[in-house]
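Chemist: Supplied structure: run26.cif, mmCIF, C-alpha atoms.
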```cif
data_upload
loop_
_atom_site.label_atom_id
_atom_site.label_comp_id
_atom_site.auth_asym_id
_atom_site.auth_seq_id
_atom_site.Cartn_x
_atom_site.Cartn_y
_atom_site.Cartn_z
CA MET A 1 0.00 0.00 0.00
CA ARG A 2 1.34 3.42 -0.96
CA LEU A 3 1.67 6.09 1.72
CA SER A 4 -0.18 9.30 1.03
CA ALA A 5 1.78 12.48 0.37
CA HIS A 6 0.62 13.84 3.72
CA LEU A 7 1.99 10.82 5.60
CA LEU A 8 5.29 10.99 3.74
CA ALA A 9 5.64 14.68 4.57
CA ALA A 10 4.85 14.03 8.23
CA ALA A 11 7.43 11.24 8.40
CA TRP A 12 10.04 13.51 6.82
CA LEU A 13 9.35 16.28 9.35
CA VAL A 14 9.62 13.84 12.27
CA GLY A 15 12.95 12.68 10.89
CA LEU A 16 14.21 16.24 10.80
CA ALA A 17 13.03 16.89 14.34
CA THR A 18 14.78 13.84 15.80
CA ALA A 19 17.98 13.81 13.73
CA ALA A 20 21.17 14.93 15.43
CA THR A 21 22.51 18.09 13.83
CA PRO A 22 26.10 19.33 14.02
CA VAL A 23 27.00 21.57 16.92
CA PRO A 24 27.27 25.26 15.92
CA ALA A 25 30.85 26.50 15.70
CA GLU A 26 30.28 28.81 18.69
CA CYS A 27 29.66 25.80 20.92
CA LEU A 28 32.83 23.86 20.12
CA SER A 29 35.05 25.98 22.36
CA PRO A 30 34.93 25.23 26.09
CA ASN A 31 35.06 29.00 26.69
CA LEU A 32 31.86 30.81 25.72
CA SER A 33 32.04 34.60 25.50
CA LEU A 34 28.68 36.35 25.88
CA ASN A 35 27.85 39.60 24.13
CA ALA A 36 24.75 41.61 23.25
CA THR A 37 23.85 39.44 20.24
CA ASN A 38 24.66 35.82 21.13
CA VAL A 39 22.90 35.15 24.45
CA ASP A 40 20.33 32.72 22.97
CA THR A 41 22.93 30.84 20.93
CA LEU A 42 25.30 30.34 23.85
CA ALA A 43 22.50 29.37 26.21
CA ASN A 44 21.66 26.61 23.72
CA CYS A 45 25.33 25.59 23.71
CA THR A 46 25.17 24.86 27.44
CA LEU A 47 21.91 22.92 27.08
CA TYR A 48 22.16 20.77 23.97
CA SER A 49 25.79 20.25 22.89
CA TYR A 50 27.21 16.73 23.03
CA ARG A 51 30.37 14.87 22.09
CA CYS A 52 29.46 11.46 20.69
CA PHE A 53 31.49 8.30 20.09
CA ASP A 54 30.67 5.87 17.31
CA LYS A 55 32.80 2.92 16.16
CA ASP A 56 32.12 3.76 12.52
CA GLU A 57 32.01 7.56 12.53
CA GLY A 58 34.49 8.21 15.34
CA VAL A 59 33.98 11.37 17.39
CA THR A 60 31.18 13.70 16.35
CA PHE A 61 29.66 16.80 17.93
CA VAL A 62 25.91 17.08 17.79
CA THR A 63 23.11 19.17 19.19
CA THR A 64 19.83 17.49 19.98
CA SER A 65 17.50 16.74 22.86
CA PRO A 66 17.37 14.13 24.21
CA PRO A 67 20.99 13.21 23.39
CA PRO A 68 21.81 10.12 21.33
CA THR A 69 23.37 7.14 23.07
CA ASN A 70 27.15 7.12 23.63
CA CYS A 71 27.18 10.90 23.96
CA MET A 72 28.63 13.14 26.65
CA LYS A 73 27.46 16.67 27.29
CA LEU A 74 30.02 19.37 26.51
CA LYS A 75 31.02 21.46 29.51
CA SER A 76 31.51 25.20 29.24
CA ASN A 77 33.08 28.16 30.97
CA VAL A 78 31.06 31.34 30.44
CA PHE A 79 32.58 34.82 30.22
CA PHE A 80 31.22 38.32 29.71
CA ASP A 81 33.45 41.36 29.09
CA ASP A 82 31.50 43.31 26.46
CA TYR A 83 32.27 46.97 27.19
CA ASN A 84 29.91 48.15 24.45
CA MET A 85 26.80 46.63 25.99
CA THR A 86 24.65 48.84 28.22
CA GLY A 87 21.48 48.23 30.22
CA ALA A 88 20.63 44.78 31.56
CA LEU A 89 22.52 41.54 30.97
CA VAL A 90 19.83 38.84 31.19
CA VAL A 91 20.77 35.26 30.30
CA PRO A 92 17.78 32.88 30.49
CA ARG A 93 17.80 29.08 30.04
CA MET A 94 21.43 28.64 31.09
CA VAL A 95 21.14 26.03 33.85
CA GLU A 96 24.70 24.86 34.45
CA THR A 97 28.23 25.95 33.67
CA GLN A 98 31.69 25.15 34.98
CA GLN A 99 32.40 28.75 35.93
CA LEU A 100 31.01 32.21 35.26
CA SER A 101 33.18 35.32 34.93
CA ILE A 102 31.72 38.80 34.41
CA GLN A 103 34.53 41.34 34.34
CA GLY A 104 35.63 44.61 32.86
CA GLN A 105 39.13 44.96 31.49
CA LEU A 106 42.24 45.52 33.58
CA THR A 107 45.51 46.40 31.85
CA ARG A 108 48.91 46.67 33.49
CA ASN A 109 51.76 48.66 31.97
CA ARG A 110 55.22 49.29 33.34
CA ASN A 111 55.88 53.01 33.81
CA PHE A 112 59.13 54.98 33.47
CA SER A 113 59.90 54.71 37.18
CA GLY A 114 59.76 50.92 37.04
CA GLY A 115 56.36 50.60 38.68
CA ILE A 116 53.14 49.21 37.27
CA ASP A 117 50.25 51.39 36.11
CA ARG A 118 46.84 49.77 36.31
CA THR A 119 44.08 50.93 33.98
CA VAL A 120 40.51 49.69 34.41
CA ARG A 121 37.89 49.79 31.69
CA PRO A 122 34.73 48.88 33.61
CA LEU A 123 31.65 47.22 32.18
CA ARG A 124 28.70 49.49 31.45
CA VAL A 125 25.80 47.11 32.14
CA ASP A 126 23.69 48.18 35.12
CA SER A 127 22.12 44.85 36.09
CA ILE A 128 22.88 41.13 35.82
CA GLU A 129 20.35 38.31 35.92
CA PHE A 130 20.74 34.58 35.27
CA PRO A 131 17.15 33.50 36.04
CA ASP A 132 17.66 29.75 35.43
CA LEU A 133 21.23 29.09 36.55
CA VAL A 134 21.33 26.29 39.16
CA ASN A 135 24.83 24.78 39.25
CA ILE A 136 28.43 25.96 38.99
CA THR A 137 30.44 22.76 38.74
CA GLU A 138 34.12 23.79 38.91
CA PHE A 139 36.33 25.76 41.28
CA GLY A 140 36.25 28.92 39.15
CA GLY A 141 32.88 29.71 40.74
CA ILE A 142 31.21 33.04 39.98
CA SER A 143 33.32 36.18 39.66
CA VAL A 144 32.04 39.72 39.09
CA MET A 145 34.42 42.68 39.08
CA TYR A 146 35.16 45.97 37.34
CA ALA A 147 31.44 46.52 36.83
CA HIS A 148 30.92 49.95 38.37
CA ASN A 149 27.29 50.56 37.36
CA LEU A 150 25.65 47.48 38.84
CA SER A 151 22.59 48.18 40.97
CA SER A 152 21.08 44.68 40.68
CA VAL A 153 22.60 41.17 40.67
CA LYS A 154 20.19 38.23 40.60
CA PHE A 155 20.72 34.46 40.61
CA PRO A 156 17.29 33.37 41.92
CA LYS A 157 17.67 29.61 41.27
CA LEU A 158 21.37 29.17 42.03
CA GLU A 159 21.77 26.21 44.41
CA ASN A 160 25.26 24.72 44.20
CA MET A 161 28.69 26.20 43.65
CA ARG A 162 31.84 24.13 43.76
CA GLY A 163 33.94 27.29 43.70
CA THR A 164 33.77 30.77 45.23
CA LEU A 165 31.08 33.41 45.01
CA ASP A 166 33.33 36.43 44.44
CA LEU A 167 31.56 39.75 43.87
CA ASP A 168 33.66 42.93 43.84
CA LEU A 169 31.16 45.77 43.49
CA SER A 170 33.43 48.29 45.20
CA GLU A 171 32.89 51.18 42.79
CA GLY A 172 29.17 50.63 42.32
CA PRO A 173 26.02 52.18 43.80
CA ALA A 174 24.20 50.94 46.90
CA ILE A 175 22.86 47.43 46.41
CA SER A 176 20.88 44.75 48.23
CA LEU A 177 21.71 41.12 47.44
CA SER A 178 19.72 37.94 48.00
CA PHE A 179 20.52 34.36 47.00
CA PRO A 180 17.25 32.65 47.94
CA ASN A 181 18.19 29.10 46.90
CA LEU A 182 21.96 28.93 47.36
CA ARG A 183 22.77 25.93 49.56
CA LEU A 184 26.45 25.28 48.80
CA ALA A 185 29.31 27.71 48.15
CA PHE A 186 32.09 25.20 48.62
CA SER A 187 35.13 27.49 48.49
CA GLY A 188 33.50 30.43 50.24
CA ILE A 189 31.82 33.78 49.72
CA TRP A 190 33.73 37.04 49.17
CA ILE A 191 31.69 40.21 48.58
CA LYS A 192 32.74 43.87 48.47
CA GLY A 193 30.64 46.93 47.75
CA LYS A 194 28.10 49.35 49.12
CA ILE A 195 26.00 46.51 50.50
CA ASP A 196 22.89 47.54 52.43
CA ALA A 197 21.30 44.08 52.74
CA LEU A 198 22.56 40.53 52.21
CA ASP A 199 20.57 37.31 52.50
CA PHE A 200 21.35 33.58 52.17
CA PRO A 201 18.20 32.03 53.68
CA VAL A 202 18.92 28.34 52.89
CA LEU A 203 22.74 28.27 52.91
CA ASN A 204 24.12 25.01 54.35
CA PHE A 205 27.86 25.21 53.68
CA SER A 206 30.19 28.02 52.70
CA ARG A 207 33.62 27.25 54.25
CA ALA A 208 34.36 30.96 54.80
CA ILE A 209 32.48 34.24 54.36
CA ASN A 210 34.18 37.61 53.95
CA ILE A 211 32.06 40.74 53.50
CA THR A 212 33.42 44.29 53.16
CA SER A 213 30.63 46.83 52.87
CA THR A 214 30.70 50.61 52.66
CA GLY A 215 26.92 50.54 53.06
CA ASN A 216 24.59 50.02 55.99
CA LEU A 217 24.61 46.23 56.24
CA ASP A 218 23.95 44.98 59.77
CA CYS A 219 26.94 42.65 59.99
CA VAL A 220 26.06 41.30 63.45
CA ALA A 221 22.56 40.28 62.40
CA PHE A 222 23.89 38.83 59.15
CA ALA A 223 26.55 36.81 60.97
CA ALA A 224 23.94 35.22 63.21
CA THR A 225 22.22 33.72 60.17
CA VAL A 226 25.26 32.22 58.42
CA VAL A 227 28.21 31.67 60.78
CA ASN A 228 27.26 28.05 61.43
CA THR A 229 27.50 27.30 57.70
CA THR A 230 31.23 28.06 57.77
CA THR A 231 34.15 25.77 58.61
CA TRP A 232 36.78 26.57 61.22
CA PRO A 233 39.76 26.42 61.08
CA THR A 234 39.38 27.76 57.56
CA GLY A 235 42.65 26.57 56.04
CA TYR A 236 43.18 30.09 54.66
CA ASN A 237 46.14 31.97 56.17
CA GLU A 238 44.67 35.33 55.24
CA THR A 239 41.32 34.57 56.92
CA PRO A 240 41.93 32.77 60.22
CA GLU A 241 38.33 33.37 61.27
CA SER A 242 35.67 31.78 59.09
CA LEU A 243 33.35 34.80 59.11
CA PHE A 244 34.41 38.41 58.69
CA CYS A 245 32.00 41.25 58.03
CA THR A 246 32.49 44.99 58.25
CA SER A 247 30.21 47.87 57.26
CA ASN A 248 29.35 51.45 58.15
CA LYS A 249 27.01 50.08 60.81
CA ASN A 250 29.12 47.49 62.65
CA SER A 251 31.76 44.79 62.29
CA ILE A 252 32.29 41.21 63.41
CA ASN A 253 35.06 38.63 63.11
CA THR A 254 34.11 35.18 64.36
CA HIS A 255 33.73 31.45 63.77
CA PRO A 256 31.31 28.69 64.78
CA VAL A 257 31.74 26.94 68.10
CA PRO A 258 32.20 23.15 67.91
CA ALA A 259 29.06 21.31 68.96
CA GLU A 260 30.72 19.60 71.92
CA GLU A 261 31.64 23.00 73.37
CA SER A 262 28.49 24.92 72.63
CA GLY A 263 26.06 23.34 75.09
CA SER A 264 22.37 23.29 74.35
CA SER A 265 21.05 26.76 75.07
CA GLY A 266 20.85 29.72 72.71
CA ILE A 267 22.79 30.30 69.52
CA SER A 268 26.10 28.54 70.08
CA TRP A 269 28.43 31.03 68.44
CA PHE A 270 27.01 33.95 70.41
CA ARG A 271 27.71 32.59 73.92
CA GLY A 272 30.27 34.85 75.56
CA ASP A 273 31.69 32.19 77.89
CA LEU A 274 32.66 30.12 74.86
CA LEU A 275 33.80 32.67 72.31
CA LEU A 276 35.41 36.07 72.53
CA LEU A 277 33.37 38.13 70.11
CA VAL A 278 34.42 41.67 69.36
CA VAL A 279 31.68 43.81 67.87
CA LEU A 280 32.39 47.35 66.81
CA VAL A 281 29.17 49.33 66.84
CA GLY A 282 29.35 52.97 65.91
CA GLY A 283 33.00 53.13 66.95
CA VAL A 284 32.35 51.63 70.41
CA SER A 285 33.97 48.27 71.21
CA LEU A 286 31.75 45.75 72.96
CA VAL A 287 33.10 42.47 74.32
CA VAL A 288 30.30 39.91 74.50
#
```
Represent the structure contained in this file as structure tokens.
Modeler:
Amino acid sequence: MRLSAHLLAAAWLVGLATAATPVPAECLSPNLSLNATNVDTLANCTLYSYRCFDKDEGVTFVTTSPPPTNCMKLKSNVFFDDYNMTGALVVPRMVETQQLSIQGQLTRNRNFSGGIDRTVRPLRVDSIEFPDLVNITEFGGISVMYAHNLSSVKFPKLENMRGTLDLDLSEGPAISLSFPNLRLAFSGIWIKGKIDALDFPVLNFSRAINITSTGNLDCVAFAATVVNTTTWPTGYNETPESLFCTSNKNSINTHPVPAEESGSSGISWFRGDLLLLVVLVGGVSLVV
């Protein structure tokens, strides 16, 4: 029995939809560089790019979903340093990457006196949002620096980071930061800037936290919510205490108390008979 033209056309379309197509050239590099025009393309690279092994065809690179058998997803490092882009950097559909770096340009030149001159060309975007990013899988973590206009940084679904959350917003405007789903920041959290509010409501582990704010962040209240997620001793010579926070409002430098020492009453790290806690409030030193 002959198939009708409609059935043949339908079968052909299904074949096109399920066939593995070659990976776009932009996806073959492990380092993906975002700019104002390629966000959708590179988001697809992180979602649907695979390296496949076949005894007849050898190694091929394909893009399809779901992936063919004997295929391994390509892993990517994502970078953004587009000075020409202004406004908001919004990157939807990117769920996982090995590391994420968002940085302006720093150049170093030796001067006539033998020293080094540093010249910064900061990014011009004023907000960053990765609405679907969940996992950072390698120790590069997330790095943001030389981005002097940022008034908003959002990673609403971020849960796991193998590396460090490193945000240097020192030259930027006042900002409030929240990471509502971040549970793991394996190598620690380092944040600088005019931070007025900072929130990690479900954080479970962060090794060390270091916050330097020129804003009105309440460091003492913040420390109470996260100090027990840190590890002490830290293993970092430059940060012997696992939690450091300083702001215009107050400062604190502390670490969690081991469970066997803390007893059962109150918040363990805040008990004065177990831990010397120096809090600088409005220039007055208080020993708790």
Chemist: Can you check which parts of segment 91-130 of chain A lie within 10 Å of segment 43-48 of chain A? Per residue, the shortest pair of atoms and distance in Å to one decimal, counting all atoms listed in the file, sorted by chain and number, as JSON lines.
Modeler:
```
{"residue": "A:Val91", "atom": "CA", "partner": "A:Ala43", "partner_atom": "CA", "distance": 7.4}
{"residue": "A:Pro92", "atom": "CA", "partner": "A:Ala43", "partner_atom": "CA", "distance": 7.3}
{"residue": "A:Arg93", "atom": "CA", "partner": "A:Ala43", "partner_atom": "CA", "distance": 6.1}
{"residue": "A:Met94", "atom": "CA", "partner": "A:Ala43", "partner_atom": "CA", "distance": 5.0}
{"residue": "A:Val95", "atom": "CA", "partner": "A:Leu47", "partner_atom": "CA", "distance": 7.5}
{"residue": "A:Glu96", "atom": "CA", "partner": "A:Thr46", "partner_atom": "CA", "distance": 7.0}
{"residue": "A:Thr97", "atom": "CA", "partner": "A:Thr46", "partner_atom": "CA", "distance": 7.0}
{"residue": "A:Gln98", "atom": "CA", "partner": "A:Thr46", "partner_atom": "CA", "distance": 10.0}
```
Chemist: Store the residues of this selection in a file with C-alpha atoms, as an mmCIF file, keeping the file's coordinate frame.
Modeler:
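Generated output (out-v4.cif):
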```
data_model
loop_
_atom_site.group_PDB
_atom_site.id
_atom_site.type_symbol
_atom_site.label_atom_id
_atom_site.label_comp_id
_atom_site.auth_asym_id
_atom_site.auth_seq_id
_atom_site.Cartn_x
_atom_site.Cartn_y
_atom_site.Cartn_z
ATOM 1 C CA VAL A 91 20.770 35.260 30.300
ATOM 2 C CA PRO A 92 17.780 32.880 30.490
ATOM 3 C CA ARG A 93 17.800 29.080 30.040
ATOM 4 C CA MET A 94 21.430 28.640 31.090
ATOM 5 C CA VAL A 95 21.140 26.030 33.850
ATOM 6 C CA GLU A 96 24.700 24.860 34.450
ATOM 7 C CA THR A 97 28.230 25.950 33.670
ATOM 8 C CA GLN A 98 31.690 25.150 34.980
#
```
Chemist: Name the residues that the PyMOL selection byres ((chain A and resi 20-29) around 10) pulls out of this structure, and write them as a PyMOL selection string.
Modeler: chain A and resi 15-19+30-33+38+41-46+48-51+60-68+74-77
Chemist: How far is it from atom CA of Asp199 of chain A to atom CA of Phe222 of chain A, in Å with one decimal?
Modeler: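 Atom CA of Asp199 of chain A sits 7.6 Å away from atom CA of Phe222 of chain A.
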Chemist: Take every atom of segment 129-144 of chain A listed in the file, fit an axis-aligned box around them, add 6 Å per side, and give the centre and edge lengths in Å to one decimal as AutoDock Vina command-line options.
Modeler:
```
--center_x 26.7 --center_y 31.2 --center_z 38.3 --size_x 31.2 --size_y 29.0 --size_z 18.0
```
Chemist: Once the PyMOL selection byres ((chain A and resi 144-155) around 8) is applied to the coordinates I shared, what remains selected? I want it as a PyMOL selection string.
Modeler: chain A and resi 101-105+120-133+142-143+156-158+166-179
Chemist: How would you write, as a VMD selection string, the residues chosen by the PyMOL selection byres ((chain A and resi 239) around 12) on this structure?
Modeler: chain A and resid 188 to 190 207 to 211 231 to 238 240 to 245 253 to 255
Chemist: Store the residues picked out above, limited to C-alpha atoms, as a PDB file, in the coordinates of the input.
Modeler:
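Result written to selection31.pdb:
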```
ATOM      1  CA  GLY A 188      33.500  30.430  50.240  1.00  0.00           C
ATOM      2  CA  ILE A 189      31.820  33.780  49.720  1.00  0.00           C
ATOM      3  CA  TRP A 190      33.730  37.040  49.170  1.00  0.00           C
ATOM      4  CA  ARG A 207      33.620  27.250  54.250  1.00  0.00           C
ATOM      5  CA  ALA A 208      34.360  30.960  54.800  1.00  0.00           C
ATOM      6  CA  ILE A 209      32.480  34.240  54.360  1.00  0.00           C
ATOM      7  CA  ASN A 210      34.180  37.610  53.950  1.00  0.00           C
ATOM      8  CA  ILE A 211      32.060  40.740  53.500  1.00  0.00           C
ATOM      9  CA  THR A 231      34.150  25.770  58.610  1.00  0.00           C
ATOM     10  CA  TRP A 232      36.780  26.570  61.220  1.00  0.00           C
ATOM     11  CA  PRO A 233      39.760  26.420  61.080  1.00  0.00           C
ATOM     12  CA  THR A 234      39.380  27.760  57.560  1.00  0.00           C
ATOM     13  CA  GLY A 235      42.650  26.570  56.040  1.00  0.00           C
ATOM     14  CA  TYR A 236      43.180  30.090  54.660  1.00  0.00           C
ATOM     15  CA  ASN A 237      46.140  31.970  56.170  1.00  0.00           C
ATOM     16  CA  GLU A 238      44.670  35.330  55.240  1.00  0.00           C
ATOM     17  CA  PRO A 240      41.930  32.770  60.220  1.00  0.00           C
ATOM     18  CA  GLU A 241      38.330  33.370  61.270  1.00  0.00           C
ATOM     19  CA  SER A 242      35.670  31.780  59.090  1.00  0.00           C
ATOM     20  CA  LEU A 243      33.350  34.800  59.110  1.00  0.00           C
ATOM     21  CA  PHE A 244      34.410  38.410  58.690  1.00  0.00           C
ATOM     22  CA  CYS A 245      32.000  41.250  58.030  1.00  0.00           C
ATOM     23  CA  ASN A 253      35.060  38.630  63.110  1.00  0.00           C
ATOM     24  CA  THR A 254      34.110  35.180  64.360  1.00  0.00           C
ATOM     25  CA  HIS A 255      33.730  31.450  63.770  1.00  0.00           C
TER      26      HIS A 255
END
```
Chemist: For a test of reading the model, state the distance in Å between atom CA of Leu217 of chain A and atom CA of Lys194 of chain A, rounded to one decimal.
Modeler: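 Interatomic distance here is 8.5 Å.
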Chemist: Kindly give the distance, in Å, that separates atom CA of Thr69 of chain A and atom CA of Leu100 of chain A, rounded to a single decimal.
Modeler: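 Atom CA of Leu100 of chain A lies 28.9 Å from atom CA of Thr69 of chain A.
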Chemist: Residues at most 6 Å from Val227 of chain A, counting only C-alpha atoms, excluding those fewer than 3 positions away in the same chain, as a list in words?
Modeler: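 The neighbour list is Ala223, Thr230 and Pro256 of chain A.
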Chemist: For segment 135-141 of chain A, please output as number ranges by chain all residues within 6 Å (counting only C-alpha atoms; exclusion window: fewer than 3 positions along the same chain).
Modeler: A: 96-99, 160-165
Chemist: Here is a test: counting only C-alpha atoms, which residue of A:Thr86, A:Thr246, A:Ser206, A:Ser213 is nearest to Val226 of chain A?
Modeler: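 Among A:Thr86, A:Thr246, A:Ser206, A:Ser213, it is A:Ser206 that comes nearest to Val226 of chain A.
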Chemist: Reconstruct segment 43-65 of chain A at the level of N, CA and C atoms, and format the result as a tab-separated table (two decimals), in the frame of the given file.
Modeler:
```tsv
chain	number	residue	atom	x	y	z
A	43	ALA	N	23.33	30.11	25.26
A	43	ALA	CA	22.50	29.37	26.21
A	43	ALA	C	22.19	27.99	25.65
A	44	ASN	N	21.89	27.91	24.36
A	44	ASN	CA	21.66	26.61	23.72
A	44	ASN	C	22.91	25.74	23.78
A	45	CYS	N	24.09	26.36	23.64
A	45	CYS	CA	25.33	25.59	23.71
A	45	CYS	C	25.42	24.84	25.04
A	46	THR	N	25.05	25.49	26.12
A	46	THR	CA	25.17	24.86	27.44
A	46	THR	C	24.09	23.81	27.67
A	47	LEU	N	23.03	23.85	26.88
A	47	LEU	CA	21.91	22.92	27.08
A	47	LEU	C	21.99	21.68	26.22
A	48	TYR	N	22.40	21.84	24.95
A	48	TYR	CA	22.16	20.77	23.97
A	48	TYR	C	23.39	20.36	23.17
A	49	SER	N	24.59	20.60	23.66
A	49	SER	CA	25.79	20.25	22.89
A	49	SER	C	26.43	19.00	23.46
A	50	TYR	N	26.70	18.03	22.59
A	50	TYR	CA	27.21	16.73	23.03
A	50	TYR	C	28.38	16.28	22.16
A	51	ARG	N	29.28	15.55	22.79
A	51	ARG	CA	30.37	14.87	22.09
A	51	ARG	C	30.02	13.39	22.06
A	52	CYS	N	29.94	12.83	20.86
A	52	CYS	CA	29.46	11.46	20.69
A	52	CYS	C	30.56	10.56	20.13
A	53	PHE	N	30.50	9.29	20.52
A	53	PHE	CA	31.49	8.30	20.09
A	53	PHE	C	30.78	7.18	19.33
A	54	ASP	N	31.26	6.92	18.14
A	54	ASP	CA	30.67	5.87	17.31
A	54	ASP	C	31.80	5.08	16.66
A	55	LYS	N	31.70	3.74	16.67
A	55	LYS	CA	32.80	2.92	16.16
A	55	LYS	C	33.01	3.10	14.67
A	56	ASP	N	31.97	3.54	13.96
A	56	ASP	CA	32.12	3.76	12.52
A	56	ASP	C	32.48	5.21	12.20
A	57	GLU	N	31.81	6.15	12.86
A	57	GLU	CA	32.01	7.56	12.53
A	57	GLU	C	33.07	8.24	13.40
A	58	GLY	N	33.52	7.58	14.45
A	58	GLY	CA	34.49	8.21	15.34
A	58	GLY	C	33.81	9.22	16.24
A	59	VAL	N	34.51	10.33	16.51
A	59	VAL	CA	33.98	11.37	17.39
A	59	VAL	C	33.20	12.39	16.56
A	60	THR	N	31.99	12.67	16.99
A	60	THR	CA	31.18	13.70	16.35
A	60	THR	C	30.63	14.63	17.42
A	61	PHE	N	30.26	15.83	17.02
A	61	PHE	CA	29.66	16.80	17.93
A	61	PHE	C	28.27	17.13	17.40
A	62	VAL	N	27.28	16.91	18.24
A	62	VAL	CA	25.91	17.08	17.79
A	62	VAL	C	25.12	17.91	18.79
A	63	THR	N	24.03	18.45	18.31
A	63	THR	CA	23.11	19.17	19.19
A	63	THR	C	21.72	18.60	18.98
A	64	THR	N	21.15	18.08	20.04
A	64	THR	CA	19.83	17.49	19.98
A	64	THR	C	19.33	17.28	21.40
A	65	SER	N	18.07	17.07	21.55
A	65	SER	CA	17.50	16.74	22.86
A	65	SER	C	16.33	15.79	22.64
```
